[in-house]
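S.K.: Data: start.cif, mmCIF, C-alpha atoms.
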```cif
data_entry
loop_
_atom_site.label_atom_id
_atom_site.label_comp_id
_atom_site.auth_asym_id
_atom_site.auth_seq_id
_atom_site.Cartn_x
_atom_site.Cartn_y
_atom_site.Cartn_z
CA MET A 14 -36.32 55.23 45.85
CA VAL A 15 -35.17 57.20 48.89
CA TRP A 16 -35.85 55.79 52.33
CA TRP A 17 -38.77 58.08 53.21
CA ARG A 18 -40.63 57.11 50.03
CA ARG A 19 -40.23 53.43 50.93
CA VAL A 20 -41.63 54.11 54.39
CA PHE A 21 -44.52 56.07 52.85
CA VAL A 22 -45.35 53.17 50.50
CA LEU A 23 -45.17 50.69 53.37
CA VAL A 24 -47.51 52.80 55.51
CA LEU A 25 -49.98 53.09 52.63
CA SER A 26 -49.92 49.33 52.14
CA MET A 27 -50.59 48.75 55.82
CA LEU A 28 -53.44 51.25 55.82
CA SER A 29 -54.95 49.62 52.73
CA MET A 30 -54.82 46.25 54.47
CA GLU A 31 -56.55 47.70 57.53
CA VAL A 32 -59.31 49.17 55.32
CA VAL A 33 -59.88 45.80 53.61
CA HIS A 34 -60.05 44.06 56.99
CA ALA A 35 -62.40 46.71 58.39
CA GLN A 36 -64.79 46.16 55.50
CA GLN A 37 -65.38 42.55 56.54
CA PRO A 38 -68.74 42.12 58.34
CA GLY A 39 -67.10 40.22 61.17
CA ALA A 40 -64.44 42.88 61.85
CA PRO A 41 -66.50 45.20 64.10
CA ILE A 42 -68.02 42.23 65.95
CA PHE A 43 -64.55 40.82 66.57
CA ALA A 44 -63.24 44.22 67.66
CA ALA A 45 -66.08 44.72 70.13
CA ASN A 46 -66.25 41.22 71.60
CA CYS A 47 -62.98 39.35 70.98
CA ALA A 48 -60.09 41.78 70.52
CA GLY A 49 -60.10 42.89 74.16
CA CYS A 50 -58.80 39.46 75.18
CA HIS A 51 -57.35 37.92 72.01
CA GLY A 52 -55.82 41.12 70.62
CA ALA A 53 -56.87 43.12 67.57
CA ASP A 54 -54.86 40.80 65.32
CA GLY A 55 -56.02 37.64 67.12
CA ARG A 56 -52.47 36.82 68.24
CA GLY A 57 -53.19 36.79 71.93
CA GLY A 58 -53.31 39.19 74.85
CA GLU A 59 -53.06 39.21 78.62
CA HIS A 60 -56.33 37.33 79.07
CA ALA A 61 -56.62 34.97 76.08
CA PRO A 62 -54.41 32.91 73.77
CA ASN A 63 -53.33 33.32 70.16
CA ILE A 64 -56.14 32.24 67.83
CA ALA A 65 -54.62 33.54 64.58
CA THR A 66 -51.43 31.57 64.04
CA ALA A 67 -51.77 28.77 66.61
CA PRO A 68 -51.94 25.48 64.63
CA GLU A 69 -54.39 23.89 67.06
CA VAL A 70 -56.87 26.71 66.36
CA GLN A 71 -56.25 26.73 62.61
CA ARG A 72 -57.08 23.01 62.55
CA LEU A 73 -60.56 23.61 63.96
CA THR A 74 -63.41 23.46 61.46
CA ASP A 75 -65.71 26.42 60.93
CA ARG A 76 -68.43 24.50 62.76
CA GLU A 77 -66.16 23.88 65.76
CA LEU A 78 -65.19 27.55 65.91
CA ALA A 79 -68.83 28.57 65.71
CA GLY A 80 -69.64 26.20 68.57
CA ILE A 81 -66.92 27.73 70.74
CA ILE A 82 -68.16 31.25 70.02
CA ARG A 83 -71.76 30.32 70.84
CA ASN A 84 -71.15 28.05 73.86
CA GLY A 85 -67.87 29.36 75.26
CA ILE A 86 -65.33 27.16 77.04
CA SER A 87 -66.24 26.35 80.61
CA GLY A 88 -63.43 26.99 83.09
CA ALA A 89 -61.19 28.66 80.50
CA GLY A 90 -62.55 32.18 80.74
CA MET A 91 -64.15 32.06 77.29
CA PRO A 92 -67.73 33.37 77.67
CA ALA A 93 -70.66 32.02 75.70
CA LEU A 94 -71.92 34.50 73.11
CA SER A 95 -75.27 32.76 72.77
CA SER A 96 -77.08 35.99 71.93
CA PHE A 97 -75.28 36.22 68.58
CA LYS A 98 -77.29 35.45 65.48
CA PRO A 99 -76.05 32.57 63.29
CA GLN A 100 -74.90 35.01 60.59
CA GLU A 101 -72.98 37.10 63.12
CA ILE A 102 -71.13 33.99 64.29
CA ALA A 103 -70.41 33.03 60.68
CA ASP A 104 -69.06 36.54 60.04
CA VAL A 105 -66.73 36.32 63.04
CA VAL A 106 -65.45 32.92 61.89
CA ALA A 107 -64.87 34.28 58.38
CA TYR A 108 -62.98 37.27 59.79
CA LEU A 109 -60.86 35.00 61.97
CA ARG A 110 -59.93 33.03 58.85
CA ILE A 111 -58.67 36.30 57.34
CA LEU A 112 -56.57 36.96 60.44
CA GLN A 113 -55.21 33.45 59.98
CA GLY A 114 -54.11 34.39 56.46
CA ARG A 115 -56.78 32.45 54.58
CA GLY A 116 -58.56 35.33 52.81
CA ASP A 117 -56.90 34.93 49.38
CA ILE A 118 -58.92 31.85 48.53
CA VAL A 119 -61.89 34.07 47.66
CA ASN A 120 -60.01 35.62 44.76
CA LEU A 121 -58.67 32.41 43.23
CA PRO A 122 -60.06 31.27 39.88
CA GLY A 123 -59.45 27.58 40.55
CA ASP A 124 -61.87 24.80 41.46
CA PRO A 125 -60.99 23.21 44.84
CA SER A 126 -62.85 19.98 44.00
CA GLN A 127 -60.72 19.55 40.88
CA GLY A 128 -57.69 20.46 42.98
CA GLU A 129 -58.54 17.65 45.39
CA SER A 130 -58.55 15.17 42.50
CA LEU A 131 -55.15 16.49 41.43
CA PHE A 132 -53.80 16.30 44.98
CA PHE A 133 -54.64 12.61 45.26
CA GLY A 134 -54.03 11.89 41.57
CA LYS A 135 -51.95 13.43 38.83
CA ALA A 136 -49.98 15.87 41.00
CA GLN A 137 -49.03 13.02 43.40
CA CYS A 138 -49.03 15.36 46.41
CA SER A 139 -50.57 12.67 48.61
CA GLY A 140 -47.46 10.55 48.21
CA CYS A 141 -45.86 12.73 50.89
CA HIS A 142 -48.60 15.01 52.26
CA MET A 143 -51.68 14.06 54.26
CA VAL A 144 -55.17 15.59 54.27
CA ASN A 145 -57.82 14.36 56.71
CA GLY A 146 -55.95 11.17 57.48
CA LYS A 147 -55.31 10.24 53.85
CA GLY A 148 -51.92 10.44 52.18
CA GLY A 149 -48.25 10.26 53.06
CA PHE A 150 -46.26 11.04 56.18
CA LEU A 151 -43.01 12.60 54.97
CA GLY A 152 -44.28 16.09 54.09
CA ALA A 153 -46.36 18.53 56.11
CA ASP A 154 -49.91 17.60 57.10
CA LEU A 155 -52.15 19.89 55.01
CA SER A 156 -55.44 18.93 56.67
CA PHE A 157 -56.07 22.51 57.79
CA GLY A 158 -55.01 24.21 54.58
CA SER A 159 -52.03 26.45 53.99
CA SER A 160 -51.27 29.94 55.29
CA ALA A 161 -49.04 30.73 52.31
CA LYS A 162 -50.01 33.24 49.63
CA PRO A 163 -51.12 31.93 46.20
CA ASP A 164 -47.98 33.13 44.44
CA GLN A 165 -45.80 31.52 47.09
CA LEU A 166 -47.56 28.19 46.68
CA ARG A 167 -47.33 28.37 42.90
CA ALA A 168 -43.59 29.02 43.13
CA VAL A 169 -43.10 26.05 45.45
CA ILE A 170 -45.21 23.74 43.29
CA LEU A 171 -43.28 24.63 40.12
CA ASP A 172 -39.77 24.84 41.60
CA PRO A 173 -39.57 23.43 45.15
CA GLU A 174 -35.78 23.21 45.09
CA LYS A 175 -35.54 26.98 44.67
CA ASN A 176 -38.55 28.14 46.68
CA LEU A 177 -38.99 25.80 49.64
CA PRO A 178 -37.52 27.20 52.87
CA PRO A 179 -34.57 25.21 54.28
CA ASP A 180 -36.61 23.80 57.17
CA LYS A 181 -38.94 22.15 54.63
CA LYS A 182 -36.08 20.49 52.79
CA ALA A 183 -34.28 17.27 53.58
CA THR A 184 -31.28 16.99 55.84
CA THR A 185 -28.26 14.91 54.88
CA VAL A 186 -25.78 13.54 57.39
CA VAL A 187 -22.68 11.43 57.05
CA THR A 188 -21.65 9.35 60.04
CA SER A 189 -18.08 8.85 61.19
CA ALA A 190 -18.35 5.35 59.73
CA GLY A 191 -19.18 6.81 56.30
CA GLN A 192 -22.93 6.06 56.24
CA LYS A 193 -24.95 8.72 54.37
CA ILE A 194 -28.56 9.34 55.44
CA THR A 195 -30.99 11.75 53.79
CA GLY A 196 -34.48 12.47 55.11
CA MET A 197 -36.67 14.93 56.97
CA LEU A 198 -35.34 16.32 60.23
CA ARG A 199 -37.74 15.49 63.07
CA VAL A 200 -35.68 16.30 66.18
CA ASN A 201 -32.65 18.54 66.59
CA ASP A 202 -31.40 19.09 70.12
CA ASN A 203 -28.01 19.85 71.63
CA PHE A 204 -26.78 16.28 71.42
CA SER A 205 -28.73 14.38 68.79
CA LEU A 206 -30.67 14.39 65.53
CA THR A 207 -33.61 12.30 64.45
CA ILE A 208 -34.16 11.89 60.71
CA GLN A 209 -37.08 10.16 59.03
CA THR A 210 -36.22 8.66 55.65
CA PRO A 211 -38.71 8.15 52.79
CA ASP A 212 -39.21 4.49 53.77
CA GLY A 213 -40.68 5.67 57.08
CA ALA A 214 -37.75 4.63 59.24
CA PHE A 215 -36.49 6.90 62.04
CA HIS A 216 -32.74 7.27 62.51
CA TYR A 217 -31.62 8.44 65.96
CA LEU A 218 -28.11 9.87 65.67
CA GLN A 219 -25.71 11.30 68.22
CA LYS A 220 -24.09 14.47 66.93
CA SER A 221 -20.76 13.25 68.24
CA ASP A 222 -21.01 10.35 65.76
CA LEU A 223 -21.53 12.60 62.72
CA ALA A 224 -18.73 13.68 60.41
CA GLN A 225 -20.95 15.96 58.31
CA THR A 226 -24.38 17.56 58.70
CA ASP A 227 -26.14 19.47 55.95
CA LEU A 228 -29.43 20.94 57.16
CA GLY A 229 -31.86 21.74 54.35
CA SER A 230 -29.61 20.05 51.82
CA ARG A 231 -32.16 19.55 49.06
CA SER A 232 -35.86 19.24 48.34
CA LEU A 233 -37.43 15.80 48.24
CA MET A 234 -40.46 17.32 46.52
CA PRO A 235 -40.43 17.00 42.71
CA PRO A 236 -41.54 19.95 40.54
CA ALA A 237 -45.12 19.58 39.33
CA THR A 238 -45.93 19.30 35.64
CA LEU A 239 -49.32 21.01 35.66
CA ASN A 240 -50.87 23.50 33.25
CA SER A 241 -51.98 26.90 34.57
CA LYS A 242 -55.61 25.79 35.11
CA GLU A 243 -54.49 22.74 37.08
CA GLN A 244 -52.17 24.93 39.15
CA ASP A 245 -55.10 27.23 40.01
CA ASP A 246 -57.25 24.25 40.97
CA LEU A 247 -54.58 22.72 43.20
CA ILE A 248 -53.76 26.05 44.86
CA SER A 249 -57.46 26.67 45.53
CA TYR A 250 -57.67 23.27 47.23
CA LEU A 251 -54.54 23.90 49.31
CA LEU A 252 -55.76 27.35 50.41
CA ARG A 253 -59.28 26.29 51.20
CA SER A 254 -60.70 26.96 54.65
CA PRO A 255 -60.12 23.95 56.89
CA HIS A 256 -62.64 21.20 56.09
CA SER A 257 -64.46 23.64 53.79
CA SER A 258 -67.40 21.27 53.38
CA ASP A 259 -68.30 22.05 57.02
CA SER A 260 -68.17 25.82 56.54
CA GLU A 261 -71.53 25.98 54.80
CA ASP A 262 -73.34 24.14 57.59
CA HIS A 263 -73.54 26.62 60.44
CA ASP A 264 -75.31 25.85 63.68
CA ASP A 265 -78.78 27.28 64.01
#
```
Would you give me this structure, written as structure tokens?

M.R.:
Amino acid sequence: MVWWRRVFVLVLSMLSMEVVHAQQPGAPIFAANCAGCHGADGRGGEHAPNIATAPEVQRLTDRELAGIIRNGISGAGMPALSSFKPQEIADVVAYLRILQGRGDIVNLPGDPSQGESLFFGKAQCSGCHMVNGKGGFLGADLSFGSSAKPDQLRAVILDPEKNLPPDKKATTVVTSAGQKITGMLRVNDNFSLTIQTPDGAFHYLQKSDLAQTDLGSRSLMPPATLNSKEQDDLISYLLRSPHSSDSEDHDD
């Protein structure tokens, strides 16, 4: 395919995405009332912060977001939109979730409740990952869902060694004294490394004392042995809106 055809296909894809976003009920409300400060994509502007990819905003429940929209934030320049109807606020929250990359959950065939059982049971995800204060500490905290696409998550679940990015894999170091340590990299500055090993211990290491450093050496996550239905269920749970049980209980 020649270069101009690739550009044409890319432009069409971007336009299609814009049409899908524009069809969301919350899109025009967001454009009229939020985009002027937060940007059309929610990633921040001159007068307001990033609310699309900022983790502290993604962690907020739907109810908390609705409360901020209705009541504003005193002293922070966020006005109260108390004249909005409950459904309008819900539509804005739903659209914000799309800007945060959470829209694919609607199209998944899986059952999130069954996925939760798998997460804390057969799939053994909770051995390393935490949700709502329950689970392990070594992997990423998944309390506010995942921004990955369904196919990306499926690939990681089935073959983490191949599909996890290097920064999600373990780091292995060998000290000048010959000690080998493998764990998750927690701090990496100009002079030192901090590695947390699966037993929970933190190892503070001076780079000058290391003979070898292998960042992203291998995955500590084992491949899952789940059938296709179980994969769908687990992915639906991982891609759920943050604290999805709260999302159906909007303020009146």

S.K.: For atom CA of Gly49 of chain A and atom CA of Gln100 of chain A, determine how far apart the two atoms are, in Å to one decimal place.

M.R.: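 Value for the atom CA of Gly49 of chain A-atom CA of Gln100 of chain A distance: 21.6 Å.
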
S.K.: So, counting all atoms listed in the file, which residue among A:Ser189, A:Ser126, A:Ser96, A:Ser156 is closest to Gln219 of chain A?

M.R.: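 Closest candidate: A:Ser189.
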
S.K.: A:Gln113, A:Gln244, A:Ser87, A:Asn46: which is nearest Leu73 of chain A, counting all atoms listed in the file?

M.R.: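 Selected residue with least distance to Leu73 of chain A: A:Gln113.
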
S.K.: Quick one: pull the distance between atom CA of Ile102 of chain A and atom CA of Ile82 of chain A, Å, one decimal.

M.R.: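 The value is 7.0 Å.
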
S.K.: Residues at most 12 Å from Gly146 of chain A, counting all atoms listed in the file, excluding those fewer than 5 positions away in the same chain, as a PyMOL selection string?

M.R.: chain A and resi 139+154-157

S.K.: Let me know the residues the PyMOL selection byres ((chain A and resi 54) around 12) catches in the file above, as a list in words.

M.R.: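 Evaluating the PyMOL selection byres ((chain A and resi 54) around 12) on these coordinates yields Glu31, His34, Ala35, Ala40, Phe43, Ala44, Cys47, Ala48, Gly49, Cys50, His51, Gly52, Ala53, Gly55, Arg56, Gly57, Gly58, Pro62, Asn63, Ile64, Ala65, Thr66, Tyr108, Leu109, Arg110, Ile111, Leu112, Gln113 and Gly114 of chain A.
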
S.K.: Any chance you can output those residues with C-alpha atoms as an mmCIF file, in the frame of the given file?

M.R.:
```
data_model
loop_
_atom_site.group_PDB
_atom_site.id
_atom_site.type_symbol
_atom_site.label_atom_id
_atom_site.label_comp_id
_atom_site.auth_asym_id
_atom_site.auth_seq_id
_atom_site.Cartn_x
_atom_site.Cartn_y
_atom_site.Cartn_z
ATOM 1 C CA GLU A 31 -56.550 47.700 57.530
ATOM 2 C CA HIS A 34 -60.050 44.060 56.990
ATOM 3 C CA ALA A 35 -62.400 46.710 58.390
ATOM 4 C CA ALA A 40 -64.440 42.880 61.850
ATOM 5 C CA PHE A 43 -64.550 40.820 66.570
ATOM 6 C CA ALA A 44 -63.240 44.220 67.660
ATOM 7 C CA CYS A 47 -62.980 39.350 70.980
ATOM 8 C CA ALA A 48 -60.090 41.780 70.520
ATOM 9 C CA GLY A 49 -60.100 42.890 74.160
ATOM 10 C CA CYS A 50 -58.800 39.460 75.180
ATOM 11 C CA HIS A 51 -57.350 37.920 72.010
ATOM 12 C CA GLY A 52 -55.820 41.120 70.620
ATOM 13 C CA ALA A 53 -56.870 43.120 67.570
ATOM 14 C CA GLY A 55 -56.020 37.640 67.120
ATOM 15 C CA ARG A 56 -52.470 36.820 68.240
ATOM 16 C CA GLY A 57 -53.190 36.790 71.930
ATOM 17 C CA GLY A 58 -53.310 39.190 74.850
ATOM 18 C CA PRO A 62 -54.410 32.910 73.770
ATOM 19 C CA ASN A 63 -53.330 33.320 70.160
ATOM 20 C CA ILE A 64 -56.140 32.240 67.830
ATOM 21 C CA ALA A 65 -54.620 33.540 64.580
ATOM 22 C CA THR A 66 -51.430 31.570 64.040
ATOM 23 C CA TYR A 108 -62.980 37.270 59.790
ATOM 24 C CA LEU A 109 -60.860 35.000 61.970
ATOM 25 C CA ARG A 110 -59.930 33.030 58.850
ATOM 26 C CA ILE A 111 -58.670 36.300 57.340
ATOM 27 C CA LEU A 112 -56.570 36.960 60.440
ATOM 28 C CA GLN A 113 -55.210 33.450 59.980
ATOM 29 C CA GLY A 114 -54.110 34.390 56.460
#
```

S.K.: Which residue out of A:Gly85, A:Pro125, A:Pro211, A:Gly134 has the minimum interatomic distance to Asp245 of chain A when all atoms listed in the file are used?

M.R.: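 Of A:Gly85, A:Pro125, A:Pro211, A:Gly134, the one nearest Asp245 of chain A is A:Pro125, counting all atoms listed in the file.
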
S.K.: Kindly resolve the PyMOL selection byres ((chain A and resi 195) around 12) on the present coordinates and return the residues as an mmCIF file with C-alpha atoms, keeping the file's coordinate frame.

M.R.:
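Done, and the output landed in expr.cif:
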```cif
data_model
loop_
_atom_site.group_PDB
_atom_site.id
_atom_site.type_symbol
_atom_site.label_atom_id
_atom_site.label_comp_id
_atom_site.auth_asym_id
_atom_site.auth_seq_id
_atom_site.Cartn_x
_atom_site.Cartn_y
_atom_site.Cartn_z
ATOM 1 C CA LYS A 182 -36.080 20.490 52.790
ATOM 2 C CA ALA A 183 -34.280 17.270 53.580
ATOM 3 C CA THR A 184 -31.280 16.990 55.840
ATOM 4 C CA THR A 185 -28.260 14.910 54.880
ATOM 5 C CA VAL A 186 -25.780 13.540 57.390
ATOM 6 C CA VAL A 187 -22.680 11.430 57.050
ATOM 7 C CA THR A 188 -21.650 9.350 60.040
ATOM 8 C CA GLN A 192 -22.930 6.060 56.240
ATOM 9 C CA LYS A 193 -24.950 8.720 54.370
ATOM 10 C CA ILE A 194 -28.560 9.340 55.440
ATOM 11 C CA GLY A 196 -34.480 12.470 55.110
ATOM 12 C CA MET A 197 -36.670 14.930 56.970
ATOM 13 C CA LEU A 198 -35.340 16.320 60.230
ATOM 14 C CA THR A 207 -33.610 12.300 64.450
ATOM 15 C CA ILE A 208 -34.160 11.890 60.710
ATOM 16 C CA GLN A 209 -37.080 10.160 59.030
ATOM 17 C CA THR A 210 -36.220 8.660 55.650
ATOM 18 C CA PRO A 211 -38.710 8.150 52.790
ATOM 19 C CA ASP A 212 -39.210 4.490 53.770
ATOM 20 C CA GLY A 213 -40.680 5.670 57.080
ATOM 21 C CA ALA A 214 -37.750 4.630 59.240
ATOM 22 C CA PHE A 215 -36.490 6.900 62.040
ATOM 23 C CA HIS A 216 -32.740 7.270 62.510
ATOM 24 C CA GLN A 225 -20.950 15.960 58.310
ATOM 25 C CA THR A 226 -24.380 17.560 58.700
ATOM 26 C CA ASP A 227 -26.140 19.470 55.950
ATOM 27 C CA LEU A 228 -29.430 20.940 57.160
ATOM 28 C CA GLY A 229 -31.860 21.740 54.350
ATOM 29 C CA SER A 230 -29.610 20.050 51.820
ATOM 30 C CA ARG A 231 -32.160 19.550 49.060
ATOM 31 C CA SER A 232 -35.860 19.240 48.340
ATOM 32 C CA LEU A 233 -37.430 15.800 48.240
#
```

S.K.: What separation in Å, quoted to one decimal, exists between atom CA of Glu243 of chain A and atom CA of Val106 of chain A?

M.R.: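 Pair atom CA of Glu243 of chain A / atom CA of Val106 of chain A returns 29.0 Å.
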